[in-house]
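A.B. asks: Here it is: the structure, laid out below.
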Amino acid sequence: MIKDILFFAAGLMLFLYGMAKLGEEVQRFLTIRIREYIHTAVKRPLNGLLTGIASTIFFQSSSAVTVVTIGMVSAGLISFHQSLAIILGADIGTTLTVQLVVWKITDIAPALILAGGVLWFTAGGRGKAAGEAVFFFGLIFFGLNLMGMATAPLKENPAVIGFFREAGNPLVGIAAGAVFTALVHSSLIPISLLVILAQQGLISIASALPIVIGANIGTTATALMAAATANISGKRSAAGHLLFKVGGAAVCVIAFPAMISAVRAFSDSTAQQIVFGHFLFNAVVVAIFIFILKPFARLIERLIPGQAFFFPLWPEFLSDKDLADPEKALENVRKELEREILLTRRMFEQFMMLGDAYKEGIRLNMAYMEMVIDNLTREIVRYLWRASCREFSGDLSQRLFSYTAMADDLERIGDHVSSLGFLARDRHKRGIAFSVPGTMEMAEIQQAVLDNLNRAVSLIERRDEAVVRAIKCSEEEIDGMVERARENHRVRFHRRVCQAEAGPIFVEMLIHLERISDHCENIAEYVEGMKTAQRQENCLTAEGST
C-alpha cells in the first residue's frame with residue numbers, strides 16, 4: 001500500500017512538473033507568433049473559438065490559455081467581448097489531452113521521453129527547443145502511467161469497487177470535482193485520473209460524470225485568481241468564464257439522464273464515455289453561449305460596472321489606399337505614433353504603481369503593452385518603407401526619416417520600462433528595500449521622467465518649439481538628478497545606511513530612467529529637425545514664386 005501511494009504521488013508530481021514546463025516552452029514559442037494568433041482571433045467569434053482550441057492543444061492547459069487571455073484583456077490588447085470566444089475554445093481544446101490517455105499514449109511515454117531527451121541534449125537551436133517540448137510532453141503521460149500502475153491493485157479491493165460503482169448524489173460528485181480541481185489548478189488531473197480508474201474497471205460513468213462536470217467548474221479558480229490583480233475587463237472575463245461553466249453545469253444536471261444515455265450510446269468503454277462526457281459538457285456550453293456573446297457581455301458589464309481600457313493590438317490608421325498620397329500617409333503615421341507614445345506613457349505609469357505595492361498582474365500588463373509597442377513599431381517602419389517608394393519633397397523626406405527614428409525611440413523606451421518592471425519584480429522577490437532618502441530620490445526622478453514623457457506626447461500631437469526647449473532643459477536636470485542620486489547612494493552604502501543588495505537595482509533603475517529621458521530628447525530633436533526642414537521648404541517655395 002505504501003509503495004502504491006508513493007508511486008501515485010510520484011506520478012502526480014511528474015505530471016504537474018511536465019505540464020508546467022511544457023506550458024513554459026510553448027508560451028516561449030507562442031510569444032514570437034502571438035500577435036498573428038490574436039489578429040486572427042479578434043475578427044469574429046468563430047475565429048476566437050478556433051484560436052482558443054488550438055492554443056489549449058499547444059499549452060496542454062485551458063487554465064493557462066484563460067489566464068493569458070485575461071492578462072491581454074487586462075492590458076487592453078483585446079476587448080472583454082473578444083476574449084469570451086477564446087475562453088470558450090480553450091474549454092473545448094482541453095478535451096484532446098484526456099482523449100490521448102484513452103488512446104494509451106501513456107504506454108509510449110518512455111519512448112517520448114527518450115526521443116525528446118536525446119534531441120534536447122544533442123541538437124541546437126529549434127531542434128533543442130523541440131526536444132525539450134517532446135521530453136516534457138512525454139513526462140506528462142509517464143506521470144499518468146505511474147498513477148495507473150499505482151491504482152491497478154485497487155480493482156481487486158471490494159470496498160473500493162463498491163464505492164466507485166454505486167452512483168451517489170450527482171451534486172456531491174460535482175462539488176468534489178470542483179474543489180479538487182480548484183486545489184490542483186487543472187481539470188486535466190481529476191479527469192485523467194477518472195479515465196485511468198475506468199480503464200481499471202473501478203468506476204461507472206454515472207459516478208464519473210458529476211465529477212467531470214465539477215472539474216469543469218473548478219478549473220475557473222485559476223482564472224479568478226488571475227483576475228484578482230487584473231483591471232475591470234480582466235475581472236469581467238474571469239466572471240464570464242465562471243458563468244459559462246455554471247450555466248453549462250445547470251443544463252447538464254437538469255438533463256443528466258439524457259446525458260448519461262448519450263455518452264453510453266457513443267461507446268461501450270467507460271473511459272471513452274468519460275472523455276466524450278467531458279467534450280459534450282463543453283460543447284453544450286459553446287452551443288448555449290457562442291451566438292449570444294454580445295448580450296452576454298453586456299450583462300456582465302452591468303453586473304461589474306466600470307470604465308475599461310482598450311488599446312487594439314494592430315494599427316488603426318495605416319491605410320494602404322493612402323500610400324499614393326505622401327502627405328496623407330505621413331499623417332497616418334503621426335496618428336499611429338501618437339497611439340504608440342500614449343501606450344508607452346501608460347506603461348510607464350503602470351511601472352510607477354509598482355513602487356507603492358508590487359503586483360505581478362501589473363507587470364504582466366506591462367509585458368503585454370511592450371508587445372504591442374514592438375508590433376506597432378514594426379508596422380510603422382514597414383508602412384514608411386512602402387511609402388518611401390513615392391516622390392517626396394525635402395520637408396516630407398525629413399518627416400519620413402524623423403518618424404522612422406521616433407518609432408525606434410518609442411520601442412526602446414518600452415524596452416527600458418519593461419526592464420524597470422523586471423527590476424521591481426526582483427526587488428520584491430528578494431525583499432529589498434531602498435532607504436528613505438533613496439526612495440524619495442527615485443520617486444522625484446520618476447516624476448521628472450514622466451513629465452518629460454508627457455511633453456514628448458504633446459510634441460507628437462503638435463509641434464511646439466517651447467516644448468522642445470522644455471524637454472532639453474528637463475533632460476539636463478534629470479541627468480544632474482541621476483548623478484546626484486548615484487553619488488548619494490554611494491555615500492549611503494559607505495555609511496551602511498542602505499542594504500548592500502539594494503545598490504545594483506537602485507543604480508540600474510537610474511540608468512534606465514536616464515535612458516528614457518534621453519529618448520524623449522531625441523524625439524524633441526526630430527521635431528526640431530522637421531520644423532527646420534519645413535521652414536527651408538517654405539523659403540524655397542517663396543523664392544520660386546518670386
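Chain identifiers are assigned as A, B, and so on, following the order in which chains appear in the C-alpha cells; residues are numbered from 1 within each chain, and ligands are numbered from 1 in order of appearance.
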Which neighbours of region 476-484 of chain A fall inside 7 Å, counting only C-alpha atoms, when residues of the same chain fewer than 2 positions from it are skipped, and could you give them as a PyMOL selection string?

C.D. replies: chain A and resi 445+448+472-474+486-488+510+514

A.B. asks: Write the residues of the selection above to a file with N, CA, C and O atoms, as a PDB file, in the first residue's frame.

C.D. replies:
```
ATOM      1  N   ILE A 445      12.826  61.458  -9.455  1.00  0.00           N
ATOM      2  CA  ILE A 445      13.345  61.244 -10.813  1.00  0.00           C
ATOM      3  C   ILE A 445      12.272  60.630 -11.701  1.00  0.00           C
ATOM      4  O   ILE A 445      12.106  61.018 -12.867  1.00  0.00           O
ATOM      5  N   ALA A 448       9.932  63.302 -12.782  1.00  0.00           N
ATOM      6  CA  ALA A 448      10.554  64.172 -13.791  1.00  0.00           C
ATOM      7  C   ALA A 448      10.576  63.496 -15.153  1.00  0.00           C
ATOM      8  O   ALA A 448      10.334  64.142 -16.186  1.00  0.00           O
ATOM      9  N   LYS A 472      14.555  69.633 -23.512  1.00  0.00           N
ATOM     10  CA  LYS A 472      16.019  69.670 -23.455  1.00  0.00           C
ATOM     11  C   LYS A 472      16.507  70.156 -22.090  1.00  0.00           C
ATOM     12  O   LYS A 472      17.461  69.606 -21.530  1.00  0.00           O
ATOM     13  N   CYS A 473      15.851  71.177 -21.563  1.00  0.00           N
ATOM     14  CA  CYS A 473      16.228  71.671 -20.233  1.00  0.00           C
ATOM     15  C   CYS A 473      15.969  70.615 -19.163  1.00  0.00           C
ATOM     16  O   CYS A 473      16.788  70.389 -18.268  1.00  0.00           O
ATOM     17  N   SER A 474      14.810  69.950 -19.262  1.00  0.00           N
ATOM     18  CA  SER A 474      14.468  68.922 -18.289  1.00  0.00           C
ATOM     19  C   SER A 474      15.433  67.746 -18.374  1.00  0.00           C
ATOM     20  O   SER A 474      15.791  67.157 -17.351  1.00  0.00           O
ATOM     21  N   ARG A 486      23.048  58.882  -7.674  1.00  0.00           N
ATOM     22  CA  ARG A 486      24.066  57.835  -7.712  1.00  0.00           C
ATOM     23  C   ARG A 486      25.149  58.106  -6.661  1.00  0.00           C
ATOM     24  O   ARG A 486      25.593  57.194  -5.948  1.00  0.00           O
ATOM     25  N   GLU A 487      25.578  59.358  -6.566  1.00  0.00           N
ATOM     26  CA  GLU A 487      26.615  59.715  -5.601  1.00  0.00           C
ATOM     27  C   GLU A 487      26.087  59.594  -4.167  1.00  0.00           C
ATOM     28  O   GLU A 487      26.785  59.100  -3.273  1.00  0.00           O
ATOM     29  N   ASN A 488      24.848  60.057  -3.941  1.00  0.00           N
ATOM     30  CA  ASN A 488      24.250  59.944  -2.609  1.00  0.00           C
ATOM     31  C   ASN A 488      24.132  58.481  -2.178  1.00  0.00           C
ATOM     32  O   ASN A 488      24.343  58.140  -1.009  1.00  0.00           O
ATOM     33  N   LEU A 510      18.209  53.756 -12.148  1.00  0.00           N
ATOM     34  CA  LEU A 510      18.604  55.117 -12.536  1.00  0.00           C
ATOM     35  C   LEU A 510      19.054  55.154 -13.994  1.00  0.00           C
ATOM     36  O   LEU A 510      18.729  56.095 -14.736  1.00  0.00           O
ATOM     37  N   GLU A 514      17.259  57.378 -16.920  1.00  0.00           N
ATOM     38  CA  GLU A 514      18.026  58.365 -17.678  1.00  0.00           C
ATOM     39  C   GLU A 514      17.915  58.104 -19.177  1.00  0.00           C
ATOM     40  O   GLU A 514      17.773  59.030 -19.982  1.00  0.00           O
TER      41      GLU A 514
END
```

A.B. asks: If you run DSSP on the backbone, which residues of region 176-415 of chain A are alpha helix (DSSP H), as a PyMOL selection string?

C.D. replies: chain A and resi 176-184+188-199+205-218+220-227+232-254+256-266+270-289+293-303+326-353+360-387+394-415

A.B. asks: Region 376-392 of chain A: which residues within 6 Å, counting only C-alpha atoms, same-chain residues fewer than 6 positions away excluded, as a ChimeraX atom specification?

C.D. replies: /A:323,404,407

A.B. asks: How would the residues just picked look written out with all heavy atoms as a tab-separated table (two decimals), in the first residue's frame?

C.D. replies:
```tsv
chain	number	residue	atom	x	y	z
A	323	LEU	N	-1.21	55.32	-49.39
A	323	LEU	CA	0.22	55.31	-49.71
A	323	LEU	C	0.54	56.15	-50.94
A	323	LEU	O	1.66	56.66	-51.07
A	323	LEU	CB	0.69	53.86	-49.92
A	323	LEU	CG	0.82	53.00	-48.67
A	323	LEU	CD1	1.07	51.54	-49.03
A	323	LEU	CD2	1.94	53.53	-47.78
A	404	THR	N	10.48	57.52	-38.65
A	404	THR	CA	11.14	56.22	-38.51
A	404	THR	C	11.97	56.17	-37.23
A	404	THR	O	11.93	55.19	-36.47
A	404	THR	CB	12.04	55.94	-39.72
A	404	THR	OG1	11.26	56.01	-40.92
A	404	THR	CG2	12.66	54.55	-39.63
A	407	ALA	N	9.74	56.08	-34.05
A	407	ALA	CA	9.21	54.75	-33.78
A	407	ALA	C	10.25	53.88	-33.07
A	407	ALA	O	9.94	53.16	-32.12
A	407	ALA	CB	8.75	54.08	-35.08
```

A.B. asks: Skipping near chain neighbours, those fewer than 2 positions away, what residues fall within 12 Å of Thr219 (chain A) using only C-alpha atoms, listed as a VMD selection string?

C.D. replies: chain A and resid 61 to 67 87 90 to 91 94 177 to 191 212 to 217 221 to 225 238 241 to 242 244 to 246

A.B. asks: Nearest to Ala54 (chain A) among A:Gly218, A:Ile86, A:Ala175, A:Leu114, with distances taken over only C-alpha atoms: which residue is it?

C.D. replies: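 Nearest candidate to Ala54 (chain A) out of A:Gly218, A:Ile86, A:Ala175, A:Leu114: A:Ile86.
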
A.B. asks: Which residue, A:Met442, A:Val527, A:Leu280, A:Leu343, has the smallest gap to His489 (chain A) when you use only C-alpha atoms?

C.D. replies: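 Answer, going by the shortest atom-to-atom distance: A:Met442.
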
A.B. asks: So how many Å separate CA of Thr270 (chain A) and CA of Ser204 (chain A), to one decimal?

C.D. replies: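 Separation of CA of Thr270 (chain A) and CA of Ser204 (chain A): 6.6 Å.
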
A.B. asks: My list of candidates is A:Asn452, A:Ala357, A:Val417, A:Ile260. Which is closest to Phe276 (chain A) when distances are computed with only C-alpha atoms?

C.D. replies: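 Going through A:Asn452, A:Ala357, A:Val417, A:Ile260 one by one, the smallest distance to Phe276 (chain A) is for A:Ile260.
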